[in-house]
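Shown here: structure_32.cif, mmCIF, C-alpha atoms, pLDDT in the B column; chains and numbers go by the auth columns.
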data_final
loop_
_atom_site.group_PDB
_atom_site.id
_atom_site.type_symbol
_atom_site.label_atom_id
_atom_site.label_comp_id
_atom_site.label_asym_id
_atom_site.label_seq_id
_atom_site.Cartn_x
_atom_site.Cartn_y
_atom_site.Cartn_z
_atom_site.B_iso_or_equiv
_atom_site.auth_seq_id
_atom_site.auth_asym_id
ATOM 1 C CA MET A 1 26.083 -147.513 -68.496 89.00 1391 A
ATOM 2 C CA PHE A 2 28.345 -150.387 -69.464 97.00 1392 A
ATOM 3 C CA ASN A 3 28.520 -153.944 -68.191 98.00 1393 A
ATOM 4 C CA ILE A 4 30.893 -156.826 -68.871 98.00 1394 A
ATOM 5 C CA GLU A 5 30.605 -160.359 -67.507 98.00 1395 A
ATOM 6 C CA PHE A 6 31.103 -164.004 -68.415 97.00 1396 A
ATOM 7 C CA GLY A 7 28.155 -165.773 -70.040 97.00 1397 A
ATOM 8 C CA GLU A 8 27.046 -169.365 -69.423 95.00 1398 A
ATOM 9 C CA ASN A 9 29.326 -170.760 -72.135 93.00 1399 A
ATOM 10 C CA GLY A 10 32.410 -168.779 -71.202 94.00 1400 A
ATOM 11 C CA GLU A 11 31.826 -166.020 -73.721 96.00 1401 A
ATOM 12 C CA ILE A 12 32.265 -162.449 -72.518 98.00 1402 A
ATOM 13 C CA LEU A 13 29.007 -160.501 -72.633 98.00 1403 A
ATOM 14 C CA CYS A 14 29.261 -156.747 -73.139 98.00 1404 A
ATOM 15 C CA SER A 15 26.254 -154.452 -72.851 98.00 1405 A
ATOM 16 C CA GLY A 16 25.472 -150.740 -72.906 97.00 1406 A
ATOM 17 C CA ARG A 17 27.910 -148.072 -73.976 97.00 1407 A
ATOM 18 C CA LEU A 18 31.676 -148.484 -73.980 97.00 1408 A
ATOM 19 C CA ASP A 19 32.915 -144.886 -73.914 96.00 1409 A
ATOM 20 C CA ALA A 20 35.809 -143.000 -72.330 96.00 1410 A
ATOM 21 C CA ALA A 21 34.049 -142.879 -68.971 94.00 1411 A
ATOM 22 C CA GLN A 22 33.550 -146.667 -68.911 95.00 1412 A
ATOM 23 C CA CYS A 23 36.733 -148.063 -70.442 94.00 1413 A
ATOM 24 C CA ALA A 24 38.448 -148.519 -67.046 96.00 1414 A
ATOM 25 C CA LYS A 25 35.718 -151.034 -66.168 97.00 1415 A
ATOM 26 C CA ALA A 26 36.287 -152.931 -69.440 97.00 1416 A
ATOM 27 C CA GLU A 27 40.062 -152.913 -68.979 97.00 1417 A
ATOM 28 C CA GLU A 28 39.839 -154.137 -65.401 97.00 1418 A
ATOM 29 C CA PHE A 29 37.846 -157.150 -66.615 98.00 1419 A
ATOM 30 C CA LEU A 30 39.756 -157.900 -69.828 97.00 1420 A
ATOM 31 C CA VAL A 31 43.199 -157.712 -68.249 96.00 1421 A
ATOM 32 C CA SER A 32 42.462 -160.996 -66.459 95.00 1422 A
ATOM 33 C CA VAL A 33 41.257 -162.816 -69.594 96.00 1423 A
ATOM 34 C CA GLU A 34 43.579 -165.558 -70.846 94.00 1424 A
ATOM 35 C CA GLY A 35 43.447 -167.786 -73.939 93.00 1425 A
ATOM 36 C CA PRO A 36 41.152 -167.638 -76.978 95.00 1426 A
ATOM 37 C CA SER A 37 38.057 -165.634 -76.034 96.00 1427 A
ATOM 38 C CA THR A 38 34.785 -164.540 -77.585 97.00 1428 A
ATOM 39 C CA LEU A 39 33.274 -161.127 -76.935 98.00 1429 A
ATOM 40 C CA ASP A 40 29.530 -161.057 -77.512 98.00 1430 A
ATOM 41 C CA PHE A 41 28.419 -157.547 -78.510 98.00 1431 A
ATOM 42 C CA ALA A 42 24.714 -158.405 -78.977 98.00 1432 A
ATOM 43 C CA GLN A 43 23.772 -155.955 -76.228 98.00 1433 A
ATOM 44 C CA LEU A 44 26.548 -153.426 -76.824 98.00 1434 A
ATOM 45 C CA GLU A 45 24.989 -150.298 -78.317 97.00 1435 A
ATOM 46 C CA TYR A 46 27.987 -148.038 -78.682 97.00 1436 A
ATOM 47 C CA ILE A 47 31.773 -147.942 -78.734 98.00 1437 A
ATOM 48 C CA SER A 48 34.216 -145.067 -79.186 98.00 1438 A
ATOM 49 C CA SER A 49 37.972 -144.902 -79.714 97.00 1439 A
ATOM 50 C CA ALA A 50 38.508 -145.334 -75.977 97.00 1440 A
ATOM 51 C CA GLY A 51 36.870 -148.762 -76.173 97.00 1441 A
ATOM 52 C CA LEU A 52 38.807 -149.629 -79.325 97.00 1442 A
ATOM 53 C CA GLY A 53 42.019 -148.925 -77.431 97.00 1443 A
ATOM 54 C CA ILE A 54 41.091 -151.483 -74.759 97.00 1444 A
ATOM 55 C CA LEU A 55 40.220 -154.098 -77.393 97.00 1445 A
ATOM 56 C CA LEU A 56 43.497 -153.495 -79.211 97.00 1446 A
ATOM 57 C CA LYS A 57 45.548 -153.710 -76.026 97.00 1447 A
ATOM 58 C CA THR A 58 43.823 -156.982 -75.079 97.00 1448 A
ATOM 59 C CA GLN A 59 44.274 -158.437 -78.556 97.00 1449 A
ATOM 60 C CA LYS A 60 47.994 -157.636 -78.592 97.00 1450 A
ATOM 61 C CA ARG A 61 48.474 -159.353 -75.237 97.00 1451 A
ATOM 62 C CA LEU A 62 46.463 -162.443 -76.203 97.00 1452 A
ATOM 63 C CA VAL A 63 48.012 -162.852 -79.659 96.00 1453 A
ATOM 64 C CA ALA A 64 51.470 -162.628 -78.089 95.00 1454 A
ATOM 65 C CA ASN A 65 50.406 -165.722 -76.150 94.00 1455 A
ATOM 66 C CA SER A 66 49.076 -167.530 -79.247 93.00 1456 A
ATOM 67 C CA ALA A 67 45.426 -166.694 -78.490 95.00 1457 A
ATOM 68 C CA GLY A 68 43.114 -163.873 -79.571 95.00 1458 A
ATOM 69 C CA LEU A 69 39.680 -162.275 -79.406 97.00 1459 A
ATOM 70 C CA LYS A 70 36.705 -163.125 -81.580 97.00 1460 A
ATOM 71 C CA ILE A 71 33.960 -160.485 -81.563 98.00 1461 A
ATOM 72 C CA ILE A 72 30.434 -161.594 -82.432 98.00 1462 A
ATOM 73 C CA ASN A 73 26.978 -160.039 -82.850 97.00 1463 A
ATOM 74 C CA VAL A 74 28.355 -156.632 -83.809 97.00 1464 A
ATOM 75 C CA ASN A 75 25.686 -154.048 -84.698 97.00 1465 A
ATOM 76 C CA ASN A 76 25.886 -151.994 -87.908 95.00 1466 A
ATOM 77 C CA HIS A 77 27.186 -148.829 -86.249 96.00 1467 A
ATOM 78 C CA ILE A 78 29.944 -150.602 -84.348 97.00 1468 A
ATOM 79 C CA HIS A 79 30.718 -152.498 -87.550 96.00 1469 A
ATOM 80 C CA ASP A 80 31.273 -149.119 -89.263 96.00 1470 A
ATOM 81 C CA VAL A 81 33.592 -148.021 -86.452 97.00 1471 A
ATOM 82 C CA PHE A 82 35.602 -151.260 -86.844 97.00 1472 A
ATOM 83 C CA ARG A 83 35.738 -150.777 -90.626 96.00 1473 A
ATOM 84 C CA TYR A 84 36.967 -147.168 -90.398 96.00 1474 A
ATOM 85 C CA SER A 85 39.576 -148.316 -87.864 97.00 1475 A
ATOM 86 C CA GLY A 86 40.823 -151.253 -89.915 96.00 1476 A
ATOM 87 C CA PHE A 87 39.944 -153.678 -87.132 96.00 1477 A
ATOM 88 C CA HIS A 88 38.673 -156.327 -89.544 93.00 1478 A
ATOM 89 C CA SER A 89 42.213 -157.303 -90.418 93.00 1479 A
ATOM 90 C CA ILE A 90 43.340 -157.750 -86.814 95.00 1480 A
ATOM 91 C CA PHE A 91 40.238 -159.276 -85.176 96.00 1481 A
ATOM 92 C CA GLU A 92 37.849 -162.046 -86.166 95.00 1482 A
ATOM 93 C CA ILE A 93 34.529 -160.178 -86.360 96.00 1483 A
ATOM 94 C CA GLU A 94 31.009 -161.439 -86.991 90.00 1484 A
ATOM 95 C CA ALA A 95 28.108 -159.064 -87.662 87.00 1485 A
ATOM 96 C CA GLN A 96 24.747 -159.330 -85.903 82.00 1486 A
ATOM 97 C CA MET B 1 19.838 -125.354 -77.625 95.00 1399 B
ATOM 98 C CA GLN B 2 22.949 -124.465 -75.629 97.00 1400 B
ATOM 99 C CA ARG B 3 24.367 -125.863 -72.432 97.00 1401 B
ATOM 100 C CA LYS B 4 27.685 -125.732 -70.584 98.00 1402 B
ATOM 101 C CA PHE B 5 29.367 -128.879 -69.315 97.00 1403 B
ATOM 102 C CA THR B 6 32.007 -129.544 -66.695 95.00 1404 B
ATOM 103 C CA ARG B 7 35.449 -130.474 -68.000 94.00 1405 B
ATOM 104 C CA SER B 8 35.285 -134.154 -67.006 93.00 1406 B
ATOM 105 C CA PHE B 9 34.693 -137.546 -68.626 93.00 1407 B
ATOM 106 C CA ASP B 10 31.884 -137.912 -66.098 92.00 1408 B
ATOM 107 C CA ALA B 11 29.949 -135.290 -68.064 95.00 1409 B
ATOM 108 C CA LEU B 12 29.556 -137.658 -71.031 95.00 1410 B
ATOM 109 C CA THR B 13 26.244 -139.143 -69.882 94.00 1411 B
ATOM 110 C CA ASP B 14 24.775 -135.660 -69.427 96.00 1412 B
ATOM 111 C CA ILE B 15 26.070 -134.688 -72.869 97.00 1413 B
ATOM 112 C CA TYR B 16 24.385 -137.693 -74.532 96.00 1414 B
ATOM 113 C CA GLU B 17 21.133 -136.885 -72.726 96.00 1415 B
ATOM 114 C CA PHE B 18 21.348 -133.252 -73.763 97.00 1416 B
ATOM 115 C CA ALA B 19 21.936 -134.244 -77.408 96.00 1417 B
ATOM 116 C CA GLU B 20 19.055 -136.737 -77.256 94.00 1418 B
ATOM 117 C CA GLU B 21 16.671 -134.004 -76.091 95.00 1419 B
ATOM 118 C CA VAL B 22 17.461 -132.030 -79.231 95.00 1420 B
ATOM 119 C CA LEU B 23 17.503 -135.034 -81.583 93.00 1421 B
ATOM 120 C CA ALA B 24 14.168 -136.306 -80.291 90.00 1422 B
ATOM 121 C CA ALA B 25 12.553 -132.887 -80.685 90.00 1423 B
ATOM 122 C CA GLY B 26 13.966 -132.677 -84.227 88.00 1424 B
ATOM 123 C CA ASN B 27 12.695 -136.127 -85.269 84.00 1425 B
ATOM 124 C CA VAL B 28 16.191 -137.160 -86.272 90.00 1426 B
ATOM 125 C CA GLU B 29 16.617 -140.657 -87.719 89.00 1427 B
ATOM 126 C CA ASP B 30 18.181 -143.292 -85.483 87.00 1428 B
ATOM 127 C CA SER B 31 21.005 -143.822 -87.971 90.00 1429 B
ATOM 128 C CA VAL B 32 22.305 -140.306 -87.247 93.00 1430 B
ATOM 129 C CA ARG B 33 22.409 -140.722 -83.470 94.00 1431 B
ATOM 130 C CA PHE B 34 25.461 -142.977 -83.285 96.00 1432 B
ATOM 131 C CA PRO B 35 27.788 -140.724 -85.325 97.00 1433 B
ATOM 132 C CA ILE B 36 26.555 -137.653 -83.435 97.00 1434 B
ATOM 133 C CA HIS B 37 27.247 -139.293 -80.076 97.00 1435 B
ATOM 134 C CA LEU B 38 30.633 -140.503 -81.262 98.00 1436 B
ATOM 135 C CA ALA B 39 31.720 -137.106 -82.591 98.00 1437 B
ATOM 136 C CA LEU B 40 30.505 -135.383 -79.416 98.00 1438 B
ATOM 137 C CA GLU B 41 32.438 -137.811 -77.238 98.00 1439 B
ATOM 138 C CA GLU B 42 35.681 -137.805 -79.211 98.00 1440 B
ATOM 139 C CA LEU B 43 35.826 -134.020 -79.502 98.00 1441 B
ATOM 140 C CA TYR B 44 34.800 -133.452 -75.885 97.00 1442 B
ATOM 141 C CA VAL B 45 37.303 -136.009 -74.584 97.00 1443 B
ATOM 142 C CA ASN B 46 40.040 -134.275 -76.582 95.00 1444 B
ATOM 143 C CA MET B 47 39.151 -130.945 -74.992 96.00 1445 B
ATOM 144 C CA VAL B 48 39.170 -132.469 -71.507 96.00 1446 B
ATOM 145 C CA LYS B 49 42.334 -134.505 -72.051 93.00 1447 B
ATOM 146 C CA TYR B 50 44.509 -131.634 -73.258 91.00 1448 B
ATOM 147 C CA TYR B 51 43.332 -129.049 -70.705 88.00 1449 B
ATOM 148 C CA PRO B 52 42.284 -131.021 -67.609 85.00 1450 B
ATOM 149 C CA ASP B 53 43.054 -128.142 -65.234 86.00 1451 B
ATOM 150 C CA ASN B 54 41.320 -125.407 -67.210 89.00 1452 B
ATOM 151 C CA ASP B 55 38.608 -123.874 -64.992 89.00 1453 B
ATOM 152 C CA SER B 56 36.234 -122.979 -67.797 94.00 1454 B
ATOM 153 C CA ASP B 57 33.324 -125.174 -68.820 95.00 1455 B
ATOM 154 C CA ILE B 58 32.818 -126.308 -72.420 97.00 1456 B
ATOM 155 C CA LEU B 59 29.831 -124.894 -74.297 98.00 1457 B
ATOM 156 C CA LEU B 60 27.749 -127.119 -76.557 98.00 1458 B
ATOM 157 C CA ASP B 61 25.159 -125.888 -79.016 98.00 1459 B
ATOM 158 C CA VAL B 62 23.065 -128.549 -80.752 97.00 1460 B
ATOM 159 C CA THR B 63 20.302 -127.940 -83.299 96.00 1461 B
ATOM 160 C CA ALA B 64 18.269 -130.394 -85.369 94.00 1462 B
ATOM 161 C CA THR B 65 16.244 -129.127 -88.305 90.00 1463 B
ATOM 162 C CA ASP B 66 14.747 -131.098 -91.193 86.00 1464 B
ATOM 163 C CA GLY B 67 16.858 -134.132 -90.350 85.00 1465 B
ATOM 164 C CA LYS B 68 20.112 -132.160 -90.245 92.00 1466 B
ATOM 165 C CA VAL B 69 22.000 -131.942 -86.966 96.00 1467 B
ATOM 166 C CA CYS B 70 24.459 -129.096 -86.333 97.00 1468 B
ATOM 167 C CA VAL B 71 26.770 -129.138 -83.328 98.00 1469 B
ATOM 168 C CA THR B 72 29.051 -126.330 -82.159 98.00 1470 B
ATOM 169 C CA MET B 73 31.517 -126.917 -79.316 98.00 1471 B
ATOM 170 C CA THR B 74 33.373 -123.981 -77.789 98.00 1472 B
ATOM 171 C CA ASP B 75 36.393 -124.255 -75.519 97.00 1473 B
ATOM 172 C CA TYR B 76 37.965 -121.267 -73.743 96.00 1474 B
ATOM 173 C CA ASP B 77 41.523 -120.222 -72.887 94.00 1475 B
ATOM 174 C CA VAL B 78 43.187 -122.886 -75.035 95.00 1476 B
ATOM 175 C CA ASP B 79 45.886 -123.074 -77.716 95.00 1477 B
ATOM 176 C CA ALA B 80 44.914 -123.835 -81.298 95.00 1478 B
ATOM 177 C CA PHE B 81 44.461 -127.465 -82.281 95.00 1479 B
ATOM 178 C CA ASP B 82 42.884 -127.943 -85.685 96.00 1480 B
ATOM 179 C CA VAL B 83 40.713 -131.050 -85.492 97.00 1481 B
ATOM 180 C CA THR B 84 40.121 -130.942 -89.260 97.00 1482 B
ATOM 181 C CA THR B 85 43.773 -131.736 -90.072 95.00 1483 B
ATOM 182 C CA PRO B 86 43.899 -135.243 -91.612 91.00 1484 B
ATOM 183 C CA ARG B 87 45.185 -137.697 -89.016 89.00 1485 B
ATOM 184 C CA ASN B 88 47.117 -139.936 -91.446 88.00 1486 B
ATOM 185 C CA VAL B 89 46.042 -143.064 -89.597 92.00 1487 B
ATOM 186 C CA ASP B 90 47.287 -146.240 -91.300 94.00 1488 B
ATOM 187 C CA THR B 91 44.368 -148.617 -90.820 93.00 1489 B
ATOM 188 C CA ASP B 92 46.161 -151.347 -92.809 94.00 1490 B
ATOM 189 C CA LEU B 93 48.894 -151.863 -90.251 95.00 1491 B
ATOM 190 C CA PRO B 94 49.195 -155.389 -88.855 94.00 1492 B
ATOM 191 C CA LEU B 95 48.536 -155.937 -85.162 95.00 1493 B
ATOM 192 C CA ASP B 96 52.241 -155.697 -84.291 93.00 1494 B
ATOM 193 C CA GLY B 97 52.413 -152.177 -85.694 93.00 1495 B
ATOM 194 C CA ARG B 98 49.283 -150.868 -83.951 94.00 1496 B
ATOM 195 C CA MET B 99 49.346 -148.801 -80.792 90.00 1497 B
ATOM 196 C CA PRO B 100 46.223 -147.908 -78.768 89.00 1498 B
ATOM 197 C CA GLY B 101 45.118 -144.297 -79.302 88.00 1499 B
ATOM 198 C CA GLY B 102 44.975 -141.863 -82.186 89.00 1500 B
ATOM 199 C CA LEU B 103 41.751 -143.111 -83.757 96.00 1501 B
ATOM 200 C CA GLY B 104 39.278 -140.643 -82.236 97.00 1502 B
ATOM 201 C CA LEU B 105 39.610 -137.706 -84.613 97.00 1503 B
ATOM 202 C CA HIS B 106 40.075 -140.078 -87.545 97.00 1504 B
ATOM 203 C CA LEU B 107 36.660 -141.591 -86.729 97.00 1505 B
ATOM 204 C CA VAL B 108 35.062 -138.161 -86.387 98.00 1506 B
ATOM 205 C CA GLN B 109 36.430 -137.118 -89.773 97.00 1507 B
ATOM 206 C CA GLN B 110 35.035 -140.305 -91.325 96.00 1508 B
ATOM 207 C CA MET B 111 31.606 -140.216 -89.700 96.00 1509 B
ATOM 208 C CA VAL B 112 30.377 -136.596 -89.857 97.00 1510 B
ATOM 209 C CA ASP B 113 29.370 -134.773 -93.047 97.00 1511 B
ATOM 210 C CA ASN B 114 31.216 -131.540 -92.404 97.00 1512 B
ATOM 211 C CA LEU B 115 33.813 -130.519 -89.822 98.00 1513 B
ATOM 212 C CA GLU B 116 35.092 -126.960 -89.274 98.00 1514 B
ATOM 213 C CA TYR B 117 37.504 -125.397 -86.827 98.00 1515 B
ATOM 214 C CA GLU B 118 38.233 -121.801 -85.755 98.00 1516 B
ATOM 215 C CA HIS B 119 40.597 -120.364 -83.153 98.00 1517 B
ATOM 216 C CA HIS B 120 40.841 -116.759 -82.068 97.00 1518 B
ATOM 217 C CA ASP B 121 41.482 -114.968 -78.768 97.00 1519 B
ATOM 218 C CA ARG B 122 42.404 -118.350 -77.244 95.00 1520 B
ATOM 219 C CA GLN B 123 38.917 -119.643 -78.003 97.00 1521 B
ATOM 220 C CA SER B 124 38.487 -122.865 -80.015 97.00 1522 B
ATOM 221 C CA THR B 125 35.270 -123.498 -81.903 98.00 1523 B
ATOM 222 C CA VAL B 126 34.489 -126.823 -83.563 98.00 1524 B
ATOM 223 C CA ARG B 127 31.418 -127.228 -85.756 98.00 1525 B
ATOM 224 C CA PHE B 128 30.147 -130.407 -87.344 98.00 1526 B
ATOM 225 C CA THR B 129 27.005 -131.480 -89.154 97.00 1527 B
ATOM 226 C CA LYS B 130 25.362 -134.810 -89.849 96.00 1528 B
ATOM 227 C CA GLU B 131 22.366 -135.349 -92.076 92.00 1529 B
ATOM 228 C CA SER B 132 19.975 -138.281 -92.401 80.00 1530 B
ATOM 229 C CA GLY B 133 20.333 -140.529 -95.418 67.00 1531 B
#
Structure translated into structure tokens:
Amino acid sequence: MFNIEFGENGEILCSGRLDAAQCAKAEEFLVSVEGPSTLDFAQLEYISSAGLGILLKTQKRLVANSAGLKIINVNNHIHDVFRYSGFHSIFEIEAQ
Amino acid sequence: MQRKFTRSFDALTDIYEFAEEVLAAGNVEDSVRFPIHLALEELYVNMVKYYPDNDSDILLDVTATDGKVCVTMTDYDVDAFDVTTPRNVDTDLPLDGRMPGGLGLHLVQQMVDNLEYEHHDRQSTVRFTKESG
């Protein structure tokens, strides 16, 4: 199960598991995001390469428009996935 | 424990639940669960993606003993595709040079302890292990 929605302060709250079966839901939401944005992963348990692809696609679009994604509250496992993928150099990432 | 799964992304939830049954019974540490789930997903998705119209199910065999998890995934009537071949992913590329895709097997190779591949009689078998600690 995966959920994505705006929080009270405009941050984007992600929860559950972002896998290949759920990435269409993430993409449908993120494609409408404009400007500098913060993704809060406090409740996101899991991400796979399918989810990374959506993040990368969104980041490329936003950076092309002088914006970008900041990802906060990243758990240790997702942090490892970002590290192995080299995402630290292309996203602003804060651990939990 | 063995179980067959339908060739669909929709099977992923059932696959996680199946793996959790085995991991819970084997008292596997939480730290091992994430890489096991990730490797299962990436390898399964690859099998589904490259042979979406294949009628055969995919067989999973998962065991957990003394903190060590062993997974065997068998796919039928398929060409060889060696998942152990290094993916040569350049993780230092700047954003401009990145394209979505191509990270799945790279992540599997980084996150499991051992990864093996066999192909004979149009049958692909992938085995991986992950140990606590």
Provide as a PDB file with C-alpha atoms, in the frame of the given file the residues of chain A at most 10 Å from chain B, counting only C-alpha atoms.
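Everything below was put into result.pdb:
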ATOM      1  CA  MET A1391      26.083-147.513 -68.496  1.00 89.00           C
ATOM      2  CA  ARG A1407      27.910-148.072 -73.976  1.00 97.00           C
ATOM      3  CA  ASP A1409      32.915-144.886 -73.914  1.00 96.00           C
ATOM      4  CA  ALA A1410      35.809-143.000 -72.330  1.00 96.00           C
ATOM      5  CA  ALA A1411      34.049-142.879 -68.971  1.00 94.00           C
ATOM      6  CA  GLN A1412      33.550-146.667 -68.911  1.00 95.00           C
ATOM      7  CA  GLU A1435      24.989-150.298 -78.317  1.00 97.00           C
ATOM      8  CA  TYR A1436      27.987-148.038 -78.682  1.00 97.00           C
ATOM      9  CA  ILE A1437      31.773-147.942 -78.734  1.00 98.00           C
ATOM     10  CA  SER A1438      34.216-145.067 -79.186  1.00 98.00           C
ATOM     11  CA  SER A1439      37.972-144.902 -79.714  1.00 97.00           C
ATOM     12  CA  ALA A1440      38.508-145.334 -75.977  1.00 97.00           C
ATOM     13  CA  GLY A1441      36.870-148.762 -76.173  1.00 97.00           C
ATOM     14  CA  LEU A1442      38.807-149.629 -79.325  1.00 97.00           C
ATOM     15  CA  GLY A1443      42.019-148.925 -77.431  1.00 97.00           C
ATOM     16  CA  ILE A1444      41.091-151.483 -74.759  1.00 97.00           C
ATOM     17  CA  LEU A1445      40.220-154.098 -77.393  1.00 97.00           C
ATOM     18  CA  LEU A1446      43.497-153.495 -79.211  1.00 97.00           C
ATOM     19  CA  LYS A1447      45.548-153.710 -76.026  1.00 97.00           C
ATOM     20  CA  GLN A1449      44.274-158.437 -78.556  1.00 97.00           C
ATOM     21  CA  LYS A1450      47.994-157.636 -78.592  1.00 97.00           C
ATOM     22  CA  VAL A1453      48.012-162.852 -79.659  1.00 96.00           C
ATOM     23  CA  ALA A1454      51.470-162.628 -78.089  1.00 95.00           C
ATOM     24  CA  ASN A1466      25.886-151.994 -87.908  1.00 95.00           C
ATOM     25  CA  HIS A1467      27.186-148.829 -86.249  1.00 96.00           C
ATOM     26  CA  ILE A1468      29.944-150.602 -84.348  1.00 97.00           C
ATOM     27  CA  ASP A1470      31.273-149.119 -89.263  1.00 96.00           C
ATOM     28  CA  VAL A1471      33.592-148.021 -86.452  1.00 97.00           C
ATOM     29  CA  PHE A1472      35.602-151.260 -86.844  1.00 97.00           C
ATOM     30  CA  ARG A1473      35.738-150.777 -90.626  1.00 96.00           C
ATOM     31  CA  TYR A1474      36.967-147.168 -90.398  1.00 96.00           C
ATOM     32  CA  SER A1475      39.576-148.316 -87.864  1.00 97.00           C
ATOM     33  CA  GLY A1476      40.823-151.253 -89.915  1.00 96.00           C
ATOM     34  CA  PHE A1477      39.944-153.678 -87.132  1.00 96.00           C
ATOM     35  CA  HIS A1478      38.673-156.327 -89.544  1.00 93.00           C
ATOM     36  CA  SER A1479      42.213-157.303 -90.418  1.00 93.00           C
ATOM     37  CA  ILE A1480      43.340-157.750 -86.814  1.00 95.00           C
ATOM     38  CA  PHE A1481      40.238-159.276 -85.176  1.00 96.00           C
TER      39      PHE A1481
END
Counting only C-alpha atoms, find the residues whose atoms lie at most 7 Å from (28.5, -160.9, -72.8) (file coordinates) and write them out as a PDB file with C-alpha atoms, in the frame of the given file.
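Here's the written file selection_13.pdb:
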ATOM      1  CA  ILE A1394      30.893-156.826 -68.871  1.00 98.00           C
ATOM      2  CA  GLU A1395      30.605-160.359 -67.507  1.00 98.00           C
ATOM      3  CA  PHE A1396      31.103-164.004 -68.415  1.00 97.00           C
ATOM      4  CA  GLY A1397      28.155-165.773 -70.040  1.00 97.00           C
ATOM      5  CA  GLU A1401      31.826-166.020 -73.721  1.00 96.00           C
ATOM      6  CA  ILE A1402      32.265-162.449 -72.518  1.00 98.00           C
ATOM      7  CA  LEU A1403      29.007-160.501 -72.633  1.00 98.00           C
ATOM      8  CA  CYS A1404      29.261-156.747 -73.139  1.00 98.00           C
ATOM      9  CA  SER A1405      26.254-154.452 -72.851  1.00 98.00           C
ATOM     10  CA  LEU A1429      33.274-161.127 -76.935  1.00 98.00           C
ATOM     11  CA  ASP A1430      29.530-161.057 -77.512  1.00 98.00           C
ATOM     12  CA  PHE A1431      28.419-157.547 -78.510  1.00 98.00           C
TER      13      PHE A1431
END
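The spacing separating CA of Val1469 (chain B) from CA of Asp1428 (chain B) amounts to 16.7 Å.
Between CA of Tyr1442 (chain B) and CA of Val1467 (chain B) there is a distance of 17.0 Å.
The two atoms in question, CA of Glu1418 (chain B) and CA of Pro1484 (chain B), are spaced 28.7 Å apart.
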Which neighbours of Asp1473 (chain B) fall inside 6 Å, counting all atoms listed in the file, when residues of the same chain fewer than 6 positions from it are skipped, and could you give them as a list in words?
Ile1456, Gln1521 and Ser1522 of chain B
Of the candidates A:Lys1460, A:Glu1417, A:Leu1452, A:Ala1432, which shows the shortest atom-to-atom distance to Gln1486 (chain A), using all atoms listed in the file?
A:Ala1432
List the residues selected by the PyMOL selection byres ((chain B and resi 1445) around 12) in the file shown, writing them as JSON, numbers by chain.
{"B": [1403, 1404, 1405, 1406, 1407, 1438, 1439, 1440, 1441, 1442, 1443, 1444, 1446, 1447, 1448, 1449, 1450, 1451, 1452, 1454, 1455, 1456, 1457, 1471, 1472, 1473, 1474, 1475, 1476, 1477, 1478, 1479, 1480, 1481, 1503, 1521, 1522, 1523, 1524]}
Among the residues A:Gly1400, A:Thr1448, A:Leu1459, A:Ala1414, the one that comes closest to Ser1427 (chain A) [using only C-alpha atoms]:
A:Leu1459
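The closest residue to Thr1463 (chain B), picked from B:Glu1529, B:Tyr1515, B:Glu1415, B:Ile1434 and counting all atoms listed in the file, is B:Glu1529.
Nearest residue to Ser1422 (chain A) among A:Ala1485, A:Gly1406, A:Glu1398, A:Arg1451 is A:Arg1451, counting all atoms listed in the file.
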Reference answer for the PyMOL selection byres ((chain B and resi 1458-1462) around 9), as a PyMOL selection string
chain B and resi 1399-1403+1413+1416-1417+1420-1426+1456-1457+1463-1472
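Among the candidates A:Gln1433, A:Asn1399, A:Thr1428, A:Asn1393, the one nearest to Ile1461 (chain A) when counting only C-alpha atoms is A:Thr1428.
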